[in-house]
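**Q** My file is work.tsv. It has TSV, C-alpha atoms:
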chain	number	residue	atom	x	y	z
R	244	MET	CA	-89.02	-16.77	41.40
R	245	ALA	CA	-88.44	-15.94	45.02
R	246	GLY	CA	-89.77	-17.95	47.91
R	247	PHE	CA	-89.34	-21.40	49.33
R	248	GLU	CA	-86.54	-20.25	51.62
R	249	HIS	CA	-87.66	-22.59	54.39
R	250	LEU	CA	-87.86	-25.64	52.15
R	251	ILE	CA	-84.45	-25.20	50.60
R	252	GLN	CA	-82.64	-23.85	53.64
R	253	SER	CA	-79.34	-25.75	53.96
R	254	TYR	CA	-80.25	-28.02	51.02
R	255	ASP	CA	-77.79	-28.35	48.12
R	256	VAL	CA	-80.03	-27.72	45.13
R	257	GLY	CA	-77.07	-27.90	42.74
R	258	ASP	CA	-76.23	-31.45	43.77
R	259	LEU	CA	-79.80	-32.58	43.17
R	260	LEU	CA	-79.86	-30.91	39.74
R	261	ASP	CA	-76.63	-32.73	38.90
R	262	ASP	CA	-78.17	-36.04	40.00
R	263	ILE	CA	-81.27	-35.42	37.90
R	264	ALA	CA	-79.20	-34.33	34.89
R	265	SER	CA	-76.96	-37.40	35.07
R	266	ALA	CA	-80.02	-39.66	34.94
R	267	ASP	CA	-83.07	-39.63	32.71
R	268	PRO	CA	-84.78	-36.56	34.24
R	269	PRO	CA	-88.41	-37.72	33.87
R	270	ALA	CA	-87.56	-41.18	35.21
R	271	TYR	CA	-85.63	-39.69	38.14
R	272	LEU	CA	-88.52	-37.39	39.06
R	273	ARG	CA	-91.12	-40.14	38.67
R	274	ARG	CA	-89.14	-42.50	40.90
R	275	SER	CA	-88.58	-39.81	43.52
R	276	PHE	CA	-92.27	-38.94	43.71
R	277	ALA	CA	-93.37	-42.59	43.73
R	278	GLU	CA	-91.00	-43.37	46.59
R	279	GLY	CA	-92.17	-40.29	48.47
R	280	ALA	CA	-95.81	-41.20	48.05
R	281	SER	CA	-95.32	-44.77	49.26
R	282	ALA	CA	-92.81	-44.28	52.10
R	283	PRO	CA	-94.23	-44.82	55.58
R	284	ALA	CA	-92.21	-41.87	56.90
R	285	LEU	CA	-89.94	-39.24	55.40
R	286	SER	CA	-86.90	-37.56	56.88
R	287	TRP	CA	-86.56	-33.79	56.58
R	288	PRO	CA	-83.86	-34.08	53.86
R	289	ARG	CA	-86.19	-36.38	51.90
R	290	VAL	CA	-89.03	-33.83	52.22
R	291	GLN	CA	-86.66	-31.17	50.92
R	292	GLU	CA	-85.66	-33.39	48.00
R	293	LEU	CA	-89.30	-33.97	47.07
R	294	ALA	CA	-89.97	-30.24	47.27
R	295	VAL	CA	-87.05	-29.39	45.01
R	296	CYS	CA	-88.08	-32.13	42.57
R	297	ALA	CA	-91.57	-30.59	42.55
R	298	MET	CA	-90.06	-27.19	41.80
R	299	VAL	CA	-88.07	-28.72	38.92
R	300	LEU	CA	-91.27	-30.29	37.59
R	301	ASP	CA	-93.14	-27.00	37.97
R	302	ALA	CA	-90.33	-25.16	36.16
R	303	ILE	CA	-90.51	-27.62	33.27
R	304	VAL	CA	-94.25	-28.07	32.79
R	305	ASN	CA	-95.53	-24.66	33.91
R	306	ASP	CA	-92.62	-22.63	32.52
R	307	ARG	CA	-91.80	-21.03	35.87
R	308	ASP	CA	-88.38	-19.69	36.72
R	309	TYR	CA	-86.80	-20.33	40.11
R	310	ASP	CA	-83.84	-18.16	41.07
R	311	PHE	CA	-81.80	-21.06	42.37
R	312	PHE	CA	-82.02	-23.20	39.19
R	313	GLU	CA	-79.67	-23.02	36.23
R	314	ARG	CA	-81.85	-21.33	33.61
R	315	GLU	CA	-80.14	-22.97	30.62
R	316	LEU	CA	-80.52	-26.44	32.10
R	317	ILE	CA	-84.22	-25.97	32.84
R	318	ALA	CA	-84.78	-24.44	29.38
R	319	ASP	CA	-83.18	-27.52	27.81
R	320	TRP	CA	-85.34	-29.83	29.91
R	321	ARG	CA	-88.45	-27.90	28.85
R	322	VAL	CA	-87.62	-28.59	25.22
R	323	HIS	CA	-86.78	-32.26	25.67
R	324	TYR	CA	-88.89	-33.47	28.59
R	325	ALA	CA	-92.03	-31.33	28.92
R	326	ARG	CA	-94.35	-33.97	27.46
R	327	ALA	CA	-92.96	-36.78	29.65
R	328	CYS	CA	-93.02	-34.55	32.72
R	329	MET	CA	-96.68	-33.64	32.22
R	330	LYS	CA	-97.47	-37.28	32.96
R	331	ILE	CA	-95.70	-37.06	36.33
R	332	LYS	CA	-97.76	-34.23	37.81
R	333	ASP	CA	-100.34	-36.48	39.46
R	334	THR	CA	-97.68	-38.59	41.15
R	335	ALA	CA	-95.90	-35.45	42.34
R	336	LEU	CA	-99.12	-34.05	43.77
R	337	GLN	CA	-99.83	-37.33	45.53
R	338	ALA	CA	-96.36	-37.33	47.11
R	339	LEU	CA	-96.60	-33.71	48.28
R	340	ARG	CA	-100.08	-34.21	49.68
R	341	ARG	CA	-98.87	-37.26	51.58
R	342	VAL	CA	-96.04	-35.17	53.04
R	343	LEU	CA	-98.58	-32.61	54.19
R	344	GLU	CA	-100.82	-35.32	55.68
R	345	ARG	CA	-98.19	-37.42	57.42
R	346	ALA	CA	-95.19	-35.32	58.14
R	347	ARG	CA	-96.43	-31.83	58.68
R	348	PRO	CA	-93.35	-29.80	59.43
R	349	ALA	CA	-93.49	-27.89	62.69
R	350	GLN	CA	-92.96	-24.52	61.03
R	351	ALA	CA	-96.02	-22.87	59.55
R	352	ASP	CA	-93.88	-21.17	56.87
R	353	THR	CA	-92.68	-24.52	55.58
R	354	VAL	CA	-96.23	-25.90	55.46
R	355	ALA	CA	-97.32	-22.79	53.53
R	356	GLU	CA	-94.50	-23.31	51.03
R	357	LEU	CA	-95.48	-26.95	50.52
R	358	GLU	CA	-99.10	-25.94	50.03
R	359	MET	CA	-98.01	-23.31	47.49
R	360	LEU	CA	-96.12	-26.00	45.55
R	361	VAL	CA	-99.20	-28.21	45.52
R	362	SER	CA	-101.27	-25.31	44.24
R	363	ARG	CA	-98.80	-24.49	41.48
R	364	LEU	CA	-98.56	-28.07	40.27
R	365	ALA	CA	-102.32	-28.54	40.40
R	366	SER	CA	-102.93	-25.53	38.15
What is this file in structure tokens?
**A**
Amino acid sequence: MAGFEHLIQSYDVGDLLDDIASADPPAYLRRSFAEGASAPALSWPRVQELAVCAMVLDAIVNDRDYDFFERELIADWRVHYARACMKIKDTALQALRRVLERARPAQADTVAELEMLVSRLAS
């Protein structure tokens, strides 16, 4: 799936996937979203991390493909973690909405990409 160029620009998606894979993926995602929702402020790299985590969650629970993810890895996570990840959607939405409320990025394209992620996860 194309898109999200502004959110992932200069972000190492592969490193984050490695971090998630080396942990318990649902627990890693849940912790990331909980921290994002409760943080008083978020740096740009942290916003990017939350966005990529949201894309991972969307790929798992909504069976979407993202061009920059390893297809085999995401397919494996769908099999093993879909049920646990479904329970994380609300926390992810809360974190992304807080990003949009508090730390609106200056670029309209980035805001549109964040809003698209919220829409996808909410569906």
**Q** Go ahead and find all residues with at least one atom no further than 12 Å from (-90.6, -36.4, 41.2) in the file's coordinates, using only C-alpha atoms; report them as a tab-separated table (two decimals) with C-alpha atoms, keeping the file's coordinate frame.
**A**
chain	number	residue	atom	x	y	z
R	259	LEU	CA	-79.80	-32.58	43.17
R	263	ILE	CA	-81.27	-35.42	37.90
R	267	ASP	CA	-83.07	-39.63	32.71
R	268	PRO	CA	-84.78	-36.56	34.24
R	269	PRO	CA	-88.41	-37.72	33.87
R	270	ALA	CA	-87.56	-41.18	35.21
R	271	TYR	CA	-85.63	-39.69	38.14
R	272	LEU	CA	-88.52	-37.39	39.06
R	273	ARG	CA	-91.12	-40.14	38.67
R	274	ARG	CA	-89.14	-42.50	40.90
R	275	SER	CA	-88.58	-39.81	43.52
R	276	PHE	CA	-92.27	-38.94	43.71
R	277	ALA	CA	-93.37	-42.59	43.73
R	278	GLU	CA	-91.00	-43.37	46.59
R	279	GLY	CA	-92.17	-40.29	48.47
R	280	ALA	CA	-95.81	-41.20	48.05
R	289	ARG	CA	-86.19	-36.38	51.90
R	290	VAL	CA	-89.03	-33.83	52.22
R	291	GLN	CA	-86.66	-31.17	50.92
R	292	GLU	CA	-85.66	-33.39	48.00
R	293	LEU	CA	-89.30	-33.97	47.07
R	294	ALA	CA	-89.97	-30.24	47.27
R	295	VAL	CA	-87.05	-29.39	45.01
R	296	CYS	CA	-88.08	-32.13	42.57
R	297	ALA	CA	-91.57	-30.59	42.55
R	298	MET	CA	-90.06	-27.19	41.80
R	299	VAL	CA	-88.07	-28.72	38.92
R	300	LEU	CA	-91.27	-30.29	37.59
R	301	ASP	CA	-93.14	-27.00	37.97
R	303	ILE	CA	-90.51	-27.62	33.27
R	327	ALA	CA	-92.96	-36.78	29.65
R	328	CYS	CA	-93.02	-34.55	32.72
R	329	MET	CA	-96.68	-33.64	32.22
R	330	LYS	CA	-97.47	-37.28	32.96
R	331	ILE	CA	-95.70	-37.06	36.33
R	332	LYS	CA	-97.76	-34.23	37.81
R	333	ASP	CA	-100.34	-36.48	39.46
R	334	THR	CA	-97.68	-38.59	41.15
R	335	ALA	CA	-95.90	-35.45	42.34
R	336	LEU	CA	-99.12	-34.05	43.77
R	337	GLN	CA	-99.83	-37.33	45.53
R	338	ALA	CA	-96.36	-37.33	47.11
R	339	LEU	CA	-96.60	-33.71	48.28
R	364	LEU	CA	-98.56	-28.07	40.27
**Q** Write out as a ChimeraX atom specification the residues lying within 9 Å of Ala302 (chain R), counting only C-alpha atoms and excluding same-chain residues fewer than 5 positions away.
**A** /R:297,307-309,317-318,321
**Q** Rank nothing, just name the residue among R:Asp262, R:Asp306, R:Asp352, R:Glu313 nearest to Glu248 (chain R), using only C-alpha atoms.
**A** R:Asp352
**Q** Expressed in Å to a single decimal, how great is the separation between CA of Leu316 (chain R) and CA of Leu285 (chain R)?
**A**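 Atom-to-atom, CA of Leu316 (chain R) to CA of Leu285 (chain R), that is 28.2 Å.
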**Q** When you count only C-alpha atoms, which of these residues is closest to Asp261 (chain R): R:His249, R:Phe312, R:Leu360, R:Tyr324?
**A** R:Phe312
**Q** To one decimal in Å, tell me the separation between CA of Ala325 (chain R) and CA of Arg363 (chain R).
**A**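 Those two atoms sit 15.8 Å apart.
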**Q** Expressed in Å to a single decimal, how great is the separation between CA of Ala264 (chain R) and CA of Ala365 (chain R)?
**A**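 According to the coordinates, CA of Ala264 (chain R) and CA of Ala365 (chain R) are separated by 24.5 Å.
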**Q** Measuring between all atoms listed in the file, which one of R:Val342, R:Val322, R:Ala284, R:Val304 shows the shortest distance to Ser366 (chain R)?
**A**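 Closest to Ser366 (chain R), using all atoms listed in the file: R:Val304.
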